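Engineer: Here's a structure for you.
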Amino acid sequence: MFDLLATALVNIAQFKYLVPLFCGTLAGVIGGALPGVTITMTIIVVLPFTFGLDPLQGLATMTGVYVGGSAGGLVTAVLLGLPGTPSAIATTFDGYPMAKKGEPGRAIWLGVWASFFGGLLGGAFLILATGPLARIALEFGPWEFFSLFIFALSMVAGLVEGSLAKGLVAGALGLIVTILGNDPVMGQKRLTLGIPALEGGIDFLPVLIGVFAFAQTMTEVERMGGGRKALAAVETGVKLTVSHLKVIWEIVSRPVLLLWCSFIGVLIGVLPAIGGSAASMFAYDQAKKISRRPQLFGSGVPEGIIASESSNNANVGGSLVTIMAFGIPGDAVTAVMLGALTIHGIQSGPLFIQQNAQLAYGIFAAYLLAHVLMVIILGLLARVMLRIVSVPKAALFPVVLVLCVIGAYALNNTMSNVYILLAFGVLGYAMVKFGFPLAPFILGVILGDQIEINMIRAVMTDPDPWLFLTRPISGGLLIASVLSVAFAVWQHRRQQKKGVKPVEDDADF
Amino acid sequence: MSRDAIAGLVVFAASVVLFALTLDLKDSPLVPVGPGFYPRIVLGLTALLSLGLVVGEFLGRRRRPPDAGLRDVEAPVAPAARPNYLLVALSFGVFGLYCAALPALGFRIATFAYVFGSSVLLSRPRSAKGWAGALVLALATSFLTWLIFERELSVLLPRGRWTDF
């Protein structure tokens, strides 16, 4: 394993891979720093650029975006009090007060180095756990895969903020998208609604691009011209120089905090579609609970920044594990990566690491190197980021949507994907306005075909439906699905009794 | 009727209609379950869930104390900017026109027109410099995306039926 990793590190350090990785990390850092532009949006914009690259170049670019974006949000969170991405919200709590106290450099670098260490710990988990988990998944039959996908879907629907019923309906709507067009087993036409574009079924990538890109841009557009304060007067002369050894010591001298928060990040990353914002908020809360001075949280303590940023970057490692071992995207960003794999004709899932070892280890190496590049980029450009955030959205959004059109069109050079992009853009925006979560919908779209294929395979192998329950792993996963929904019902009721309103703004798109 | 109830009813109606359409699907002799088997499960489940959403909403309303809504209305609310739905509708409209124009005008011309129109719509320039900026942005986006994708990355972009450009 370590031989393969060393070879991959040497390979990825070549100019032909290093340039896309650097560009991806830079794009991620910039996208992460821009308030109103999330990592998902950045990776959607970057996606079409990877079509002409070889698979490893493309995936290295995307890994760079993911790593860079997870850390990029901290710059504006610390210096402006405006989180660039939802996953940097918790960084604002202590980062901004620390910067206001006259220590902006310390706050920024605590965040950068915590991201770096958290990311590396997440990377260790990624490298060590992916292989064994994939080997376990190789033992799965269609019953287990069916139950695993149902479990993923039920958990996502249950864990979303807001209404559980809406989470479940959103997941079911996602499944409906996959039944339109054709039957994945026999290829028979069904439910085409007389629309020729639906005859081949609906590709999940234009759906994903449309839903996320429009949900986000149009939510921002509706706030335009409404008297919102522009980021006009941005202080760019702020001094960010610090003693790096001192900052690193501040982090590593709190090993329990670093390890625990990174563990939380990894764990939440492994759970499908929950995202970095949940990881950083949960880690922040945990850091407060284990601290000997919890009353100081929110006033600019280093623990708050370390907790948020380490968990947020460790989350990336966890998300990559689920996609590489099981073929289930951990979040929207890995869903786009899954799409990129499909475009290059690579099948994700348990066989991925075995059949594409060079590519898999290339992703590990890209992940590790992206952290080094992220530190270098933030070291050189942190101040410039403050200028970049003042780019007018009126100029940014049309360009973003043009890149989305290219991404959809280039999938198979037909306009039908562009029309699908538009249709699902409208649906995505409507879902946001009606308070339906997007994560279960997208997971439903991605897993729908696999759920059907595995269910039919299971029935074709043995028509006894009880096997779904009597096979231990399959039964266990189905019971876990029921329990996760029951837990969500209990949690929502408890929140209702307490009168706690779910947070629906700043969704982690 | 609340937003949730309306959404629930729309989803319920759509799933019932689609469910009815699955009844026309013929079973295949090669597999034990036909192409309509799984869609019926999904659509039946969706109909049940959406109905649950509607019922839950009505029950929730009945359980709520009668003055709860009033209190919500009377509570001091921080002034927030009203969502600019007209701008959203126009933005969708302009994007729809762009999608329609792409096969006819081709990528370069349609993109130039879209980026110019959309950026002007989102933030109307107030000076000649602003108009020039919007023009430069549209030209640069159209030319650079074409150059990078079609020339450098060999990604084909739509060619215009009318313009052959």
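Identifiers in the structure tokens: chain A, B, ... in order shown; residue index from 1 per chain; ligand index from 1 in order shown.
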Can you check which residues of chain B have any atom within 6 Å of chain A? Use only C-alpha atoms and format it as a count of residues only.

Structural biologist: 15

Engineer: Give me, as JSON lines, the closest atom pair and its distance (Å, one decimal) for every residue of segment 208-326 of chain A within a cut-off of 12 Å of segment 98-103 of chain A, counting only C-alpha atoms, rows sorted by chain and rising number.

Structural biologist:
{"residue": "A:Val238", "atom": "CA", "partner": "A:Gly102", "partner_atom": "CA", "distance": 9.7}
{"residue": "A:Lys239", "atom": "CA", "partner": "A:Glu103", "partner_atom": "CA", "distance": 8.7}
{"residue": "A:Leu240", "atom": "CA", "partner": "A:Glu103", "partner_atom": "CA", "distance": 8.1}
{"residue": "A:Thr241", "atom": "CA", "partner": "A:Glu103", "partner_atom": "CA", "distance": 9.7}
{"residue": "A:Val242", "atom": "CA", "partner": "A:Glu103", "partner_atom": "CA", "distance": 9.2}
{"residue": "A:Val247", "atom": "CA", "partner": "A:Glu103", "partner_atom": "CA", "distance": 11.8}
{"residue": "A:Leu296", "atom": "CA", "partner": "A:Met98", "partner_atom": "CA", "distance": 11.6}
{"residue": "A:Phe297", "atom": "CA", "partner": "A:Met98", "partner_atom": "CA", "distance": 10.9}
{"residue": "A:Gly298", "atom": "CA", "partner": "A:Met98", "partner_atom": "CA", "distance": 9.2}
{"residue": "A:Ser299", "atom": "CA", "partner": "A:Met98", "partner_atom": "CA", "distance": 7.1}
{"residue": "A:Gly300", "atom": "CA", "partner": "A:Met98", "partner_atom": "CA", "distance": 4.2}
{"residue": "A:Val301", "atom": "CA", "partner": "A:Met98", "partner_atom": "CA", "distance": 7.1}
{"residue": "A:Pro302", "atom": "CA", "partner": "A:Met98", "partner_atom": "CA", "distance": 8.3}
{"residue": "A:Glu303", "atom": "CA", "partner": "A:Met98", "partner_atom": "CA", "distance": 11.4}
{"residue": "A:Gly304", "atom": "CA", "partner": "A:Met98", "partner_atom": "CA", "distance": 10.4}
{"residue": "A:Ile305", "atom": "CA", "partner": "A:Met98", "partner_atom": "CA", "distance": 9.6}

Engineer: With N, CA and C atoms retained, export the selected residues as a PDB file, in the first residue's frame.

Structural biologist:
ATOM      1  N   VAL A 238      -4.272  44.734   5.782  1.00  0.00           N
ATOM      2  CA  VAL A 238      -4.149  44.057   7.069  1.00  0.00           C
ATOM      3  C   VAL A 238      -2.865  43.206   7.124  1.00  0.00           C
ATOM      4  N   LYS A 239      -2.217  43.220   8.321  1.00  0.00           N
ATOM      5  CA  LYS A 239      -0.931  42.513   8.457  1.00  0.00           C
ATOM      6  C   LYS A 239      -1.174  41.070   8.920  1.00  0.00           C
ATOM      7  N   LEU A 240      -0.651  40.114   8.149  1.00  0.00           N
ATOM      8  CA  LEU A 240      -0.945  38.712   8.454  1.00  0.00           C
ATOM      9  C   LEU A 240       0.298  37.899   8.833  1.00  0.00           C
ATOM     10  N   THR A 241       1.412  38.568   9.019  1.00  0.00           N
ATOM     11  CA  THR A 241       2.634  37.806   9.328  1.00  0.00           C
ATOM     12  C   THR A 241       2.615  37.322  10.787  1.00  0.00           C
ATOM     13  N   VAL A 242       3.007  36.063  10.947  1.00  0.00           N
ATOM     14  CA  VAL A 242       3.074  35.463  12.288  1.00  0.00           C
ATOM     15  C   VAL A 242       4.264  34.516  12.344  1.00  0.00           C
ATOM     16  N   VAL A 247       2.359  29.192  15.910  1.00  0.00           N
ATOM     17  CA  VAL A 247       0.967  28.840  15.588  1.00  0.00           C
ATOM     18  C   VAL A 247       0.801  27.317  15.533  1.00  0.00           C
ATOM     19  N   LEU A 296     -15.311  31.347  27.451  1.00  0.00           N
ATOM     20  CA  LEU A 296     -14.528  32.246  26.587  1.00  0.00           C
ATOM     21  C   LEU A 296     -14.782  32.012  25.099  1.00  0.00           C
ATOM     22  N   PHE A 297     -15.482  30.899  24.775  1.00  0.00           N
ATOM     23  CA  PHE A 297     -15.760  30.614  23.360  1.00  0.00           C
ATOM     24  C   PHE A 297     -16.627  31.728  22.780  1.00  0.00           C
ATOM     25  N   GLY A 298     -16.240  32.181  21.622  1.00  0.00           N
ATOM     26  CA  GLY A 298     -16.980  33.277  20.990  1.00  0.00           C
ATOM     27  C   GLY A 298     -16.288  34.609  21.181  1.00  0.00           C
ATOM     28  N   SER A 299     -15.207  34.579  22.000  1.00  0.00           N
ATOM     29  CA  SER A 299     -14.514  35.850  22.240  1.00  0.00           C
ATOM     30  C   SER A 299     -13.155  35.883  21.544  1.00  0.00           C
ATOM     31  N   GLY A 300     -12.840  34.831  20.799  1.00  0.00           N
ATOM     32  CA  GLY A 300     -11.568  34.799  20.068  1.00  0.00           C
ATOM     33  C   GLY A 300     -10.566  33.823  20.644  1.00  0.00           C
ATOM     34  N   VAL A 301     -11.026  32.633  21.057  1.00  0.00           N
ATOM     35  CA  VAL A 301     -10.091  31.618  21.578  1.00  0.00           C
ATOM     36  C   VAL A 301      -9.599  30.720  20.429  1.00  0.00           C
ATOM     37  N   PRO A 302      -8.345  30.283  20.512  1.00  0.00           N
ATOM     38  CA  PRO A 302      -7.827  29.448  19.415  1.00  0.00           C
ATOM     39  C   PRO A 302      -8.558  28.123  19.264  1.00  0.00           C
ATOM     40  N   GLU A 303      -9.061  27.569  20.383  1.00  0.00           N
ATOM     41  CA  GLU A 303      -9.733  26.260  20.321  1.00  0.00           C
ATOM     42  C   GLU A 303     -10.916  26.272  19.340  1.00  0.00           C
ATOM     43  N   GLY A 304     -11.650  27.376  19.323  1.00  0.00           N
ATOM     44  CA  GLY A 304     -12.817  27.480  18.446  1.00  0.00           C
ATOM     45  C   GLY A 304     -12.419  27.373  16.982  1.00  0.00           C
ATOM     46  N   ILE A 305     -11.332  28.058  16.620  1.00  0.00           N
ATOM     47  CA  ILE A 305     -10.871  28.036  15.220  1.00  0.00           C
ATOM     48  C   ILE A 305     -10.328  26.648  14.876  1.00  0.00           C
TER      49      ILE A 305
END

Engineer: For atom CA of Ile89 of chain A and atom CA of Gln491 of chain A, quote the distance in Å rounded to one decimal.

Structural biologist: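 Here the two named atoms are 23.1 Å from each other.
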
Engineer: Please identify the helix (DSSP H, G or I) residues within segment 19-210 of chain A (assignment by DSSP from backbone atoms) and present them as an NGL selection string.

Structural biologist: :A and (19-33 or 39-50 or 55-79 or 86-100 or 104-138 or 142-159 or 164-179 or 196-198 or 204-210)

Engineer: Would you mind writing down, as number ranges by chain, each residue of segment 172-218 of chain A that DSSP on the backbone assigns to strand (DSSP E)?

Structural biologist: A: 181-182, 189-190

Engineer: Tell me, in Å to one decimal, how far atom CA of Ser127 of chain B is from atom CA of Phe107 of chain B.

Structural biologist: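 So the answer is 28.5 Å.
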
Engineer: Excluding same-chain residues fewer than 5 positions from Phe149 of chain A, what lies within 9 Å of it counting only C-alpha atoms, as a list in words?

Structural biologist: Glu144, Ser154, Ile328, Leu447, Gly448, Gln450 and Ile451 of chain A

Engineer: Go ahead and compute the interatomic distance for atom CA of Leu267 of chain A and atom CA of Thr25 of chain A, in Å to one decimal.

Structural biologist: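 It comes out at 23.6 Å.
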